[in-house]
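Colleague: File entry26.csv follows (CSV, C-alpha atoms):
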chain,number,residue,atom,x,y,z
A,1,MET,CA,-16.2,-9.2,3.3
A,2,THR,CA,-15.5,-5.8,4.9
A,3,MET,CA,-17.9,-3.0,4.1
A,4,PRO,CA,-17.1,0.7,4.5
A,5,PRO,CA,-17.8,2.3,7.8
A,6,LYS,CA,-21.4,3.5,8.5
A,7,ASP,CA,-20.4,7.1,9.1
A,8,LEU,CA,-21.8,8.7,6.0
A,9,GLN,CA,-20.4,12.2,6.2
A,10,PRO,CA,-17.0,11.5,4.6
A,11,GLU,CA,-18.6,9.5,1.8
A,12,LEU,CA,-21.2,12.1,1.2
A,13,ALA,CA,-18.5,14.8,0.9
A,14,LEU,CA,-16.7,12.6,-1.6
A,15,LEU,CA,-19.9,12.0,-3.5
A,16,ALA,CA,-20.6,15.7,-3.6
A,17,ARG,CA,-17.2,16.3,-5.1
A,18,MET,CA,-17.6,13.5,-7.6
A,19,LYS,CA,-20.9,15.0,-8.8
A,20,GLN,CA,-19.0,18.3,-9.5
A,21,GLY,CA,-16.6,16.4,-11.7
A,22,ASP,CA,-13.8,15.7,-9.2
A,23,GLU,CA,-12.0,12.6,-10.6
A,24,ASP,CA,-10.1,12.0,-7.4
A,25,ALA,CA,-13.3,11.7,-5.4
A,26,PHE,CA,-14.7,9.2,-7.9
A,27,VAL,CA,-11.4,7.1,-7.7
A,28,GLU,CA,-11.5,7.2,-3.9
A,29,LEU,CA,-15.1,6.0,-3.8
A,30,TYR,CA,-14.3,3.3,-6.4
A,31,ARG,CA,-11.4,2.0,-4.4
A,32,ARG,CA,-13.5,1.9,-1.2
A,33,HIS,CA,-16.2,-0.2,-2.8
A,34,LYS,CA,-14.9,-2.0,-5.8
A,35,ASP,CA,-13.9,-5.3,-4.1
A,36,ALA,CA,-17.1,-5.6,-2.1
A,37,VAL,CA,-19.1,-5.0,-5.3
A,38,TYR,CA,-16.9,-7.5,-7.3
A,39,ARG,CA,-17.3,-10.3,-4.6
A,40,LEU,CA,-21.0,-9.8,-4.4
A,41,ALA,CA,-21.3,-10.0,-8.2
A,42,LEU,CA,-19.1,-13.1,-8.2
A,43,LEU,CA,-21.4,-14.8,-5.7
A,44,TYR,CA,-24.5,-13.9,-7.8
A,45,SER,CA,-22.9,-14.7,-11.2
A,46,GLY,CA,-20.5,-17.5,-10.3
A,47,SER,CA,-18.2,-16.3,-13.0
A,48,THR,CA,-15.2,-14.0,-12.7
A,49,ALA,CA,-15.9,-12.6,-16.2
A,50,HIS,CA,-19.5,-11.8,-15.3
A,51,ALA,CA,-18.4,-10.4,-12.0
A,52,ALA,CA,-15.9,-8.0,-13.7
A,53,ASP,CA,-18.6,-7.0,-16.2
A,54,ALA,CA,-21.1,-6.4,-13.4
A,55,THR,CA,-18.6,-4.4,-11.4
A,56,GLN,CA,-17.8,-2.2,-14.3
A,57,GLU,CA,-21.5,-1.7,-15.1
A,58,THR,CA,-22.2,-0.9,-11.5
A,59,PHE,CA,-19.6,1.9,-11.4
A,60,VAL,CA,-20.7,3.3,-14.7
A,61,PHE,CA,-24.2,3.4,-13.4
A,62,PHE,CA,-22.8,5.0,-10.2
A,63,MET,CA,-21.0,7.8,-12.1
A,64,THR,CA,-24.0,8.5,-14.4
A,65,ARG,CA,-26.9,8.0,-12.0
A,66,SER,CA,-25.5,8.8,-8.6
A,67,ASN,CA,-28.5,11.1,-8.1
A,68,GLN,CA,-30.6,8.0,-7.6
A,69,TYR,CA,-28.7,7.3,-4.4
A,70,ASP,CA,-30.6,8.7,-1.4
A,71,PRO,CA,-28.5,8.8,1.8
A,72,LEU,CA,-31.6,8.8,3.9
A,73,ARG,CA,-32.4,5.3,2.8
A,74,GLY,CA,-29.1,3.7,3.6
A,75,THR,CA,-25.4,3.6,3.0
A,76,LEU,CA,-23.7,4.0,-0.4
A,77,ALA,CA,-22.3,0.5,0.1
A,78,ALA,CA,-25.7,-0.9,0.4
A,79,TRP,CA,-27.0,1.0,-2.6
A,80,LEU,CA,-24.0,-0.2,-4.7
A,81,CYS,CA,-24.7,-3.7,-3.6
A,82,GLY,CA,-28.3,-3.3,-4.8
A,83,VAL,CA,-27.1,-2.0,-8.2
A,84,ALA,CA,-24.5,-4.8,-8.5
A,85,ARG,CA,-27.0,-7.4,-7.5
A,86,ASN,CA,-29.5,-6.4,-10.1
A,87,ILE,CA,-26.9,-6.1,-12.8
A,88,ALA,CA,-25.3,-9.5,-12.0
A,89,ARG,CA,-28.6,-11.2,-11.9
A,90,LYS,CA,-29.5,-9.8,-15.3
A,91,LEU,CA,-26.1,-10.9,-16.7
A,92,VAL,CA,-26.7,-14.5,-15.8
A,93,GLY,CA,-30.4,-14.4,-16.6
A,94,GLY,CA,-31.4,-14.9,-13.0
A,95,LYS,CA,-34.9,-15.8,-12.1
A,96,GLU,CA,-36.2,-12.4,-10.9
A,97,ASP,CA,-39.6,-13.8,-10.3
A,98,ALA,CA,-38.3,-16.1,-7.6
A,99,THR,CA,-38.4,-13.3,-5.1
A,100,ASP,CA,-41.9,-12.3,-5.9
A,101,PRO,CA,-43.5,-11.9,-2.5
A,102,GLU,CA,-46.8,-13.3,-3.8
A,103,SER,CA,-45.4,-16.6,-5.0
A,104,LEU,CA,-43.2,-16.9,-2.0
A,105,ALA,CA,-45.6,-15.7,0.7
A,106,ASP,CA,-45.3,-18.9,2.6
A,107,ASP,CA,-41.7,-19.7,1.9
A,108,THR,CA,-42.2,-23.3,3.0
A,109,ALA,CA,-42.3,-24.9,-0.4
A,110,LEU,CA,-39.1,-25.0,-2.3
A,111,HIS,CA,-40.2,-25.6,-5.9
A,112,ASP,CA,-37.6,-27.0,-8.2
A,113,SER,CA,-38.4,-24.2,-10.6
A,114,HIS,CA,-37.0,-21.7,-8.2
A,115,VAL,CA,-33.6,-23.3,-8.2
A,116,ASP,CA,-31.2,-21.3,-10.4
A,117,ARG,CA,-29.7,-23.7,-12.9
A,118,ASP,CA,-28.3,-20.9,-15.2
A,119,THR,CA,-25.5,-19.8,-13.0
A,120,PRO,CA,-22.1,-21.0,-14.3
A,121,LEU,CA,-20.7,-23.8,-12.2
A,122,ASP,CA,-17.1,-23.3,-13.1
A,123,ARG,CA,-14.7,-23.4,-10.3
A,124,VAL,CA,-14.2,-19.9,-8.9
A,125,LEU,CA,-12.4,-20.2,-5.6
A,126,ARG,CA,-9.1,-21.9,-5.1
A,127,ALA,CA,-9.8,-23.1,-1.6
A,128,GLU,CA,-11.7,-26.4,-1.7
A,129,ALA,CA,-13.7,-25.7,1.4
A,130,ALA,CA,-14.7,-22.2,0.2
A,131,GLU,CA,-15.7,-23.5,-3.2
A,132,GLN,CA,-17.9,-26.2,-1.6
A,133,VAL,CA,-19.8,-23.5,0.3
A,134,ARG,CA,-20.1,-21.3,-2.8
A,135,LEU,CA,-21.5,-24.2,-4.9
A,136,ALA,CA,-23.9,-25.2,-2.1
A,137,LEU,CA,-25.0,-21.5,-2.0
A,138,THR,CA,-25.5,-21.6,-5.8
A,139,SER,CA,-27.8,-24.6,-5.5
A,140,LEU,CA,-30.2,-22.7,-3.2
A,141,ALA,CA,-33.4,-21.1,-4.4
A,142,PRO,CA,-32.5,-17.5,-5.5
A,143,HIS,CA,-34.6,-15.9,-2.8
A,144,TYR,CA,-32.7,-17.7,-0.1
A,145,ARG,CA,-29.3,-17.3,-1.8
A,146,ASP,CA,-30.1,-13.6,-2.2
A,147,ILE,CA,-30.6,-13.0,1.5
A,148,LEU,CA,-27.6,-15.1,2.5
A,149,ILE,CA,-25.4,-13.2,0.1
A,150,LEU,CA,-26.7,-9.8,1.3
A,151,CYS,CA,-26.8,-10.5,5.0
A,152,GLU,CA,-24.1,-13.1,5.7
A,153,LEU,CA,-21.5,-12.4,3.0
A,154,SER,CA,-21.9,-8.7,2.2
A,155,GLU,CA,-22.7,-7.9,5.8
A,156,LEU,CA,-25.6,-5.7,5.1
A,157,SER,CA,-28.0,-5.0,7.9
A,158,TYR,CA,-31.5,-6.5,7.8
A,159,ALA,CA,-32.9,-3.1,6.9
A,160,GLU,CA,-30.4,-2.6,4.1
A,161,ALA,CA,-31.0,-6.1,2.8
A,162,ALA,CA,-34.8,-5.5,2.9
A,163,GLN,CA,-34.3,-2.3,0.9
A,164,VAL,CA,-32.1,-4.0,-1.7
A,165,ALA,CA,-34.4,-7.1,-2.1
A,166,GLY,CA,-37.6,-5.1,-2.0
A,167,ILE,CA,-39.1,-7.0,0.9
A,168,ASN,CA,-39.8,-6.2,4.5
A,169,ILE,CA,-37.4,-6.9,7.4
A,170,GLY,CA,-39.6,-9.7,8.8
A,171,THR,CA,-39.3,-11.5,5.5
A,172,VAL,CA,-35.6,-11.0,5.5
A,173,ARG,CA,-35.4,-12.6,9.0
A,174,SER,CA,-37.5,-15.6,8.1
A,175,ARG,CA,-35.8,-16.1,4.7
A,176,LEU,CA,-32.4,-15.9,6.3
A,177,SER,CA,-33.3,-18.5,8.9
A,178,ARG,CA,-34.6,-20.9,6.3
A,179,ALA,CA,-31.7,-20.1,4.0
A,180,ARG,CA,-29.3,-21.1,6.7
A,181,VAL,CA,-31.1,-24.4,7.2
A,182,GLU,CA,-31.1,-25.1,3.5
A,183,LEU,CA,-27.5,-24.3,3.2
A,184,ALA,CA,-26.6,-26.5,6.1
A,185,GLN,CA,-28.5,-29.3,4.5
A,186,ARG,CA,-26.6,-28.8,1.2
A,187,LEU,CA,-23.3,-28.9,3.1
A,188,ALA,CA,-24.2,-31.9,5.2
A,189,PRO,CA,-22.7,-34.5,2.7
A,190,TYR,CA,-19.4,-32.6,2.8
A,191,GLU,CA,-19.4,-32.7,6.6
A,192,THR,CA,-20.0,-36.5,6.5
A,193,GLY,CA,-17.3,-37.0,3.9
A,194,ALA,CA,-14.9,-35.0,6.0
A,195,LYS,CA,-15.7,-37.1,9.1
A,196,GLU,CA,-15.3,-40.3,7.2
A,197,ALA,CA,-11.9,-39.1,5.9
A,198,VAL,CA,-10.8,-38.5,9.4
B,1,MET,CA,-30.4,-32.6,11.2
B,2,ASN,CA,-34.1,-33.4,11.3
B,3,PRO,CA,-35.5,-32.3,7.9
B,4,ASP,CA,-38.7,-31.4,9.6
B,5,GLU,CA,-37.1,-28.8,11.7
B,6,SER,CA,-36.9,-25.3,10.4
B,7,LYS,CA,-34.2,-24.1,12.7
B,8,LEU,CA,-30.6,-25.2,13.2
B,9,GLU,CA,-29.3,-26.6,16.5
B,10,PRO,CA,-26.6,-24.5,18.2
B,11,GLY,CA,-23.9,-26.8,17.0
B,12,GLN,CA,-25.2,-26.7,13.5
B,13,GLU,CA,-25.3,-22.9,13.6
B,14,THR,CA,-21.7,-22.8,14.7
B,15,LEU,CA,-20.7,-25.2,12.0
B,16,LEU,CA,-22.5,-23.2,9.3
B,17,ASP,CA,-20.9,-20.0,10.5
B,18,LEU,CA,-17.5,-21.6,10.2
B,19,ARG,CA,-18.3,-22.7,6.7
B,20,LEU,CA,-19.5,-19.3,5.7
B,21,ASP,CA,-16.3,-17.9,7.2
B,22,GLU,CA,-14.4,-20.2,4.9
B,23,LEU,CA,-16.2,-18.8,2.0
B,24,LYS,CA,-15.5,-15.2,3.1
B,25,ARG,CA,-11.8,-16.1,3.4
B,26,GLY,CA,-11.9,-17.6,0.0
B,27,LEU,CA,-13.5,-14.5,-1.5
B,28,ALA,CA,-11.0,-12.2,0.3
B,29,GLY,CA,-8.4,-13.2,-2.3
B,30,HIS,CA,-10.6,-11.9,-5.1
B,31,GLY,CA,-11.2,-8.3,-6.1
B,32,ALA,CA,-12.0,-6.1,-9.1
B,33,PRO,CA,-9.4,-6.4,-11.9
B,34,ALA,CA,-6.7,-3.8,-11.6
B,35,ALA,CA,-7.3,-2.5,-15.2
B,36,MET,CA,-10.8,-1.6,-14.4
B,37,GLU,CA,-9.9,1.5,-12.6
B,38,SER,CA,-8.2,3.2,-15.5
B,39,ALA,CA,-11.1,2.2,-17.8
B,40,LEU,CA,-13.6,3.7,-15.4
B,41,VAL,CA,-11.6,6.9,-14.9
B,42,ALA,CA,-11.4,7.3,-18.7
B,43,ARG,CA,-15.2,6.9,-18.8
B,44,PHE,CA,-15.6,9.4,-16.0
B,45,ARG,CA,-13.5,12.0,-17.9
B,46,GLU,CA,-15.7,11.4,-20.9
B,47,THR,CA,-19.0,11.9,-19.1
B,48,ARG,CA,-18.2,14.4,-16.4
B,49,PRO,CA,-17.2,17.6,-18.2
B,50,ALA,CA,-20.4,17.8,-20.1
B,51,ALA,CA,-22.5,16.7,-17.2
B,52,SER,CA,-20.9,18.9,-14.6
B,53,ARG,CA,-20.6,22.1,-16.6
B,54,PRO,CA,-23.7,24.3,-16.0
B,55,ARG,CA,-25.5,25.7,-19.0
B,56,PHE,CA,-24.4,29.3,-18.3
B,57,TRP,CA,-20.9,28.4,-17.0
B,58,TRP,CA,-19.4,31.3,-19.0
B,59,MET,CA,-21.5,34.0,-17.2
B,60,PRO,CA,-19.5,34.2,-13.9
B,61,PRO,CA,-16.1,34.8,-15.5
B,62,ILE,CA,-17.6,37.4,-17.9
B,63,ALA,CA,-19.3,39.2,-15.0
B,64,LEU,CA,-16.1,39.1,-13.0
B,65,ALA,CA,-14.1,40.5,-15.9
B,66,ALA,CA,-16.7,43.3,-16.5
B,67,THR,CA,-16.7,44.2,-12.8
B,68,ILE,CA,-12.9,44.4,-12.7
B,69,ALA,CA,-12.9,46.6,-15.9
B,70,VAL,CA,-15.6,49.0,-14.6
B,71,THR,CA,-14.0,49.2,-11.1
B,72,SER,CA,-10.6,49.8,-12.7
B,73,TRP,CA,-12.0,52.5,-14.9
B,74,MET,CA,-13.7,54.2,-12.0
B,75,ILE,CA,-10.5,54.1,-9.8
B,76,ARG,CA,-8.1,55.1,-12.5
B,77,GLY,CA,-10.5,57.6,-14.1
B,78,PRO,CA,-9.1,60.8,-12.5
B,79,VAL,CA,-5.5,59.8,-13.0
B,80,PRO,CA,-5.4,60.7,-16.7
B,81,ARG,CA,-6.5,64.2,-15.8
B,82,SER,CA,-3.5,64.5,-13.4
B,83,GLN,CA,-1.3,63.0,-16.0
B,84,ASP,CA,-2.7,65.5,-18.5
B,85,LEU,CA,-1.8,68.1,-16.0
B,86,LEU,CA,1.7,66.8,-15.6
B,87,ALA,CA,2.1,66.6,-19.3
B,88,LEU,CA,1.2,70.3,-19.4
B,89,ALA,CA,3.8,71.1,-16.9
B,90,PRO,CA,7.5,71.4,-17.9
B,91,PRO,CA,9.8,68.8,-16.3
B,92,THR,CA,11.6,69.8,-13.2
B,93,SER,CA,15.1,68.6,-12.2
B,94,THR,CA,14.5,68.9,-8.5
B,95,LEU,CA,12.3,65.9,-8.2
B,96,GLU,CA,13.2,62.3,-7.8
B,97,GLY,CA,10.7,59.7,-9.1
B,98,ASP,CA,7.0,60.4,-9.4
B,99,PRO,CA,5.9,62.8,-6.6
B,100,GLY,CA,2.2,62.3,-7.5
B,101,PRO,CA,-0.5,64.2,-9.3
B,102,PHE,CA,-1.1,68.0,-9.3
B,103,LEU,CA,-4.2,69.3,-7.8
B,104,ALA,CA,-5.9,71.8,-10.1
B,105,LEU,CA,-6.5,75.2,-8.6
B,106,GLN,CA,-8.1,76.5,-11.8
B,107,PRO,CA,-10.4,74.9,-14.4
B,108,LEU,CA,-8.6,72.3,-16.4
B,109,ASP,CA,-9.6,73.9,-19.7
B,110,ARG,CA,-8.0,77.1,-18.7
B,111,ILE,CA,-4.8,75.4,-17.5
B,112,ALA,CA,-4.6,73.5,-20.7
B,113,ALA,CA,-5.0,76.7,-22.7
B,114,GLU,CA,-2.5,78.7,-20.6
B,115,PRO,CA,0.7,79.4,-22.5
B,116,GLY,CA,4.1,79.6,-20.8
B,117,LYS,CA,3.4,77.6,-17.7
B,118,ARG,CA,6.2,76.8,-15.3
B,119,VAL,CA,6.7,74.6,-12.3
B,120,VAL,CA,8.3,76.2,-9.2
B,121,ALA,CA,9.5,74.3,-6.1
B,122,THR,CA,8.4,76.2,-3.0
B,123,GLU,CA,7.6,76.0,0.7
B,124,PHE,CA,4.6,77.6,2.3
B,125,PRO,CA,2.7,77.3,5.6
B,126,ARG,CA,0.5,74.2,5.8
B,127,ALA,CA,-2.5,76.4,6.7
B,128,LEU,CA,-2.5,77.7,3.2
B,129,LEU,CA,-3.8,74.3,2.0
B,130,ALA,CA,-7.1,75.1,3.8
B,131,ASP,CA,-7.6,77.9,1.3
B,132,TRP,CA,-7.5,75.4,-1.5
B,133,GLY,CA,-10.1,73.2,0.3
B,134,LEU,CA,-7.5,70.6,1.5
B,135,PRO,CA,-7.7,69.1,5.0
B,136,VAL,CA,-5.2,70.5,7.5
B,137,SER,CA,-4.6,69.3,11.0
B,138,PRO,CA,-4.7,72.3,13.4
B,139,ASP,CA,-1.7,70.8,15.3
B,140,ARG,CA,0.4,71.0,12.2
B,141,ALA,CA,-1.0,74.1,10.7
B,142,GLY,CA,2.2,76.0,11.4
B,143,GLU,CA,4.6,73.5,9.7
B,144,PRO,CA,6.0,74.3,6.3
B,145,VAL,CA,5.0,72.2,3.4
B,146,ARG,CA,7.2,71.4,0.4
B,147,ALA,CA,5.3,71.7,-2.8
B,148,GLU,CA,5.6,72.3,-6.5
B,149,MET,CA,3.4,75.1,-8.0
B,150,LEU,CA,2.3,75.3,-11.5
B,151,TYR,CA,2.2,79.0,-12.5
B,152,SER,CA,0.9,80.7,-15.5
B,153,ALA,CA,3.2,83.1,-17.4
B,154,ASP,CA,1.8,86.0,-15.4
B,155,GLY,CA,2.4,84.3,-12.1
B,156,GLU,CA,-1.0,83.0,-11.3
B,157,PRO,CA,-1.0,79.6,-9.4
B,158,LEU,CA,-2.7,77.0,-11.7
B,159,ALA,CA,-2.0,73.8,-9.8
B,160,VAL,CA,-0.1,72.4,-6.8
B,161,ARG,CA,1.3,69.1,-5.7
B,162,ILE,CA,2.5,68.4,-2.2
B,163,LEU,CA,5.8,66.7,-1.9
B,164,ASN,CA,5.7,65.7,1.8
Would you kindly transcribe this structure into structure tokens?
Modeller:
Amino acid sequence: MTMPPKDLQPELALLARMKQGDEDAFVELYRRHKDAVYRLALLYSGSTAHAADATQETFVFFMTRSNQYDPLRGTLAAWLCGVARNIARKLVGGKEDATDPESLADDTALHDSHVDRDTPLDRVLRAEAAEQVRLALTSLAPHYRDILILCELSELSYAEAAQVAGINIGTVRSRLSRARVELAQRLAPYETGAKEAV
Amino acid sequence: MNPDESKLEPGQETLLDLRLDELKRGLAGHGAPAAMESALVARFRETRPAASRPRFWWMPPIALAATIAVTSWMIRGPVPRSQDLLALAPPTSTLEGDPGPFLALQPLDRIAAEPGKRVVATEFPRALLADWGLPVSPDRAGEPVRAEMLYSADGEPLAVRILN
């Protein structure tokens, strides 16, 4: 998933124009970020309908609350990812408490209650291999899936992911490491099946 | 993989990266629905005009219009006087187009009240302009000046306009 360049100036200029009511500036910013936002929402929601709703709500939020974006705290792409993440999680009734630092201070115990069973499991991606990974991702505890989506699939920096998830960078690193282990374990049966097929 | 280990081996890391790349490729074919843009632009049009228009948006245009009006009045103010003067003067057939305003040599009230005024085309030394308070270059003081004089019925010069 390709994110916009890190050079903020052109985007900030567009943002300033958009705030003054420039429709072309809004369209330009929308076109730059719409697909990244949609894909992120798709990963969180597991549904194309929810992803479309989340994308639309994200950009409505953007056009009405763009003053909440602070360029000093990160890129517009990361901010939009954060907005889309929150909206998508609300749409599917995600377990917000799963990322509570208090309850997950250790991160070693993966309680069954943390596993999100509300996310739709309909087939989303046409490619079989891609769909296997997506479903394996869906089966992870939300706080692990969260970091994998932000860091690996939306290509946010650790700092941006920390900002979006409301945790510190050290926690991002440790969760990402554990999330990768968990995901590899979920995918192991598919790897075995593939080997046997060969 | 040993379930007790909390880290992946290098081969497993590579394999996982490949699987994540597959997911990225699968996602690459997906994007926001095309119809969404027009819906959002319509929403933007609804929300932006009210949000972006300042409370006193009408003040700058009004101030600009007032400034233009006042400036225009200040610049064009003396012209009516000259036009009045021209209206007082009978037309002359020797002139082509508008040669410009007359300069009053007598009080306007008196010129306006003067009966039997007439305009006479004449030439006189440029140095004479200095007598009427007009600037004259010493280098050209000896050159003749073409002018029209507005005279009273008894031959007193009331106003003058320079033609060149």
Colleague: Write out as JSON, numbers by chain every residue belonging to chain B that has an atom at most 6 Å from any atom of chain A, counting only C-alpha atoms.
Modeller: {"B": [22, 23, 26, 31, 32, 48, 52]}
Colleague: Could you check how far atom CA of His143 of chain A sits from atom CA of Gly166 of chain A, in Å to one decimal?
Modeller: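 Computing the Euclidean distance for atom CA of His143 of chain A and atom CA of Gly166 of chain A yields 11.2 Å.
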Colleague: Which residue is closest to Tyr69 of chain A? Choose from A:Ala159, A:Ala41, A:Cys81, A:Ile87 and count only C-alpha atoms.
Modeller: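 So, comparing all the options, the nearest one is A:Cys81.
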Colleague: Nearest residue to Arg161 of chain B out of B:Ala141, B:Leu134, B:Leu20, B:Ala34, using only C-alpha atoms?
Modeller: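 The shortest atom-to-atom distance to Arg161 of chain B comes from B:Leu134.
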Colleague: Would you list the residues near (-28.4, -2.5, 10.3) (no more than 12 Å away, in the coordinates of the file, using only C-alpha atoms) as a PyMOL selection string?
Modeller: chain A and resi 5-6+73-75+78+150-151+155-163+169
Colleague: Please measure the separation of atom CA of Thr58 of chain A and atom CA of Leu91 of chain A, giving the value in Å to one decimal.
Modeller: 11.9 Å
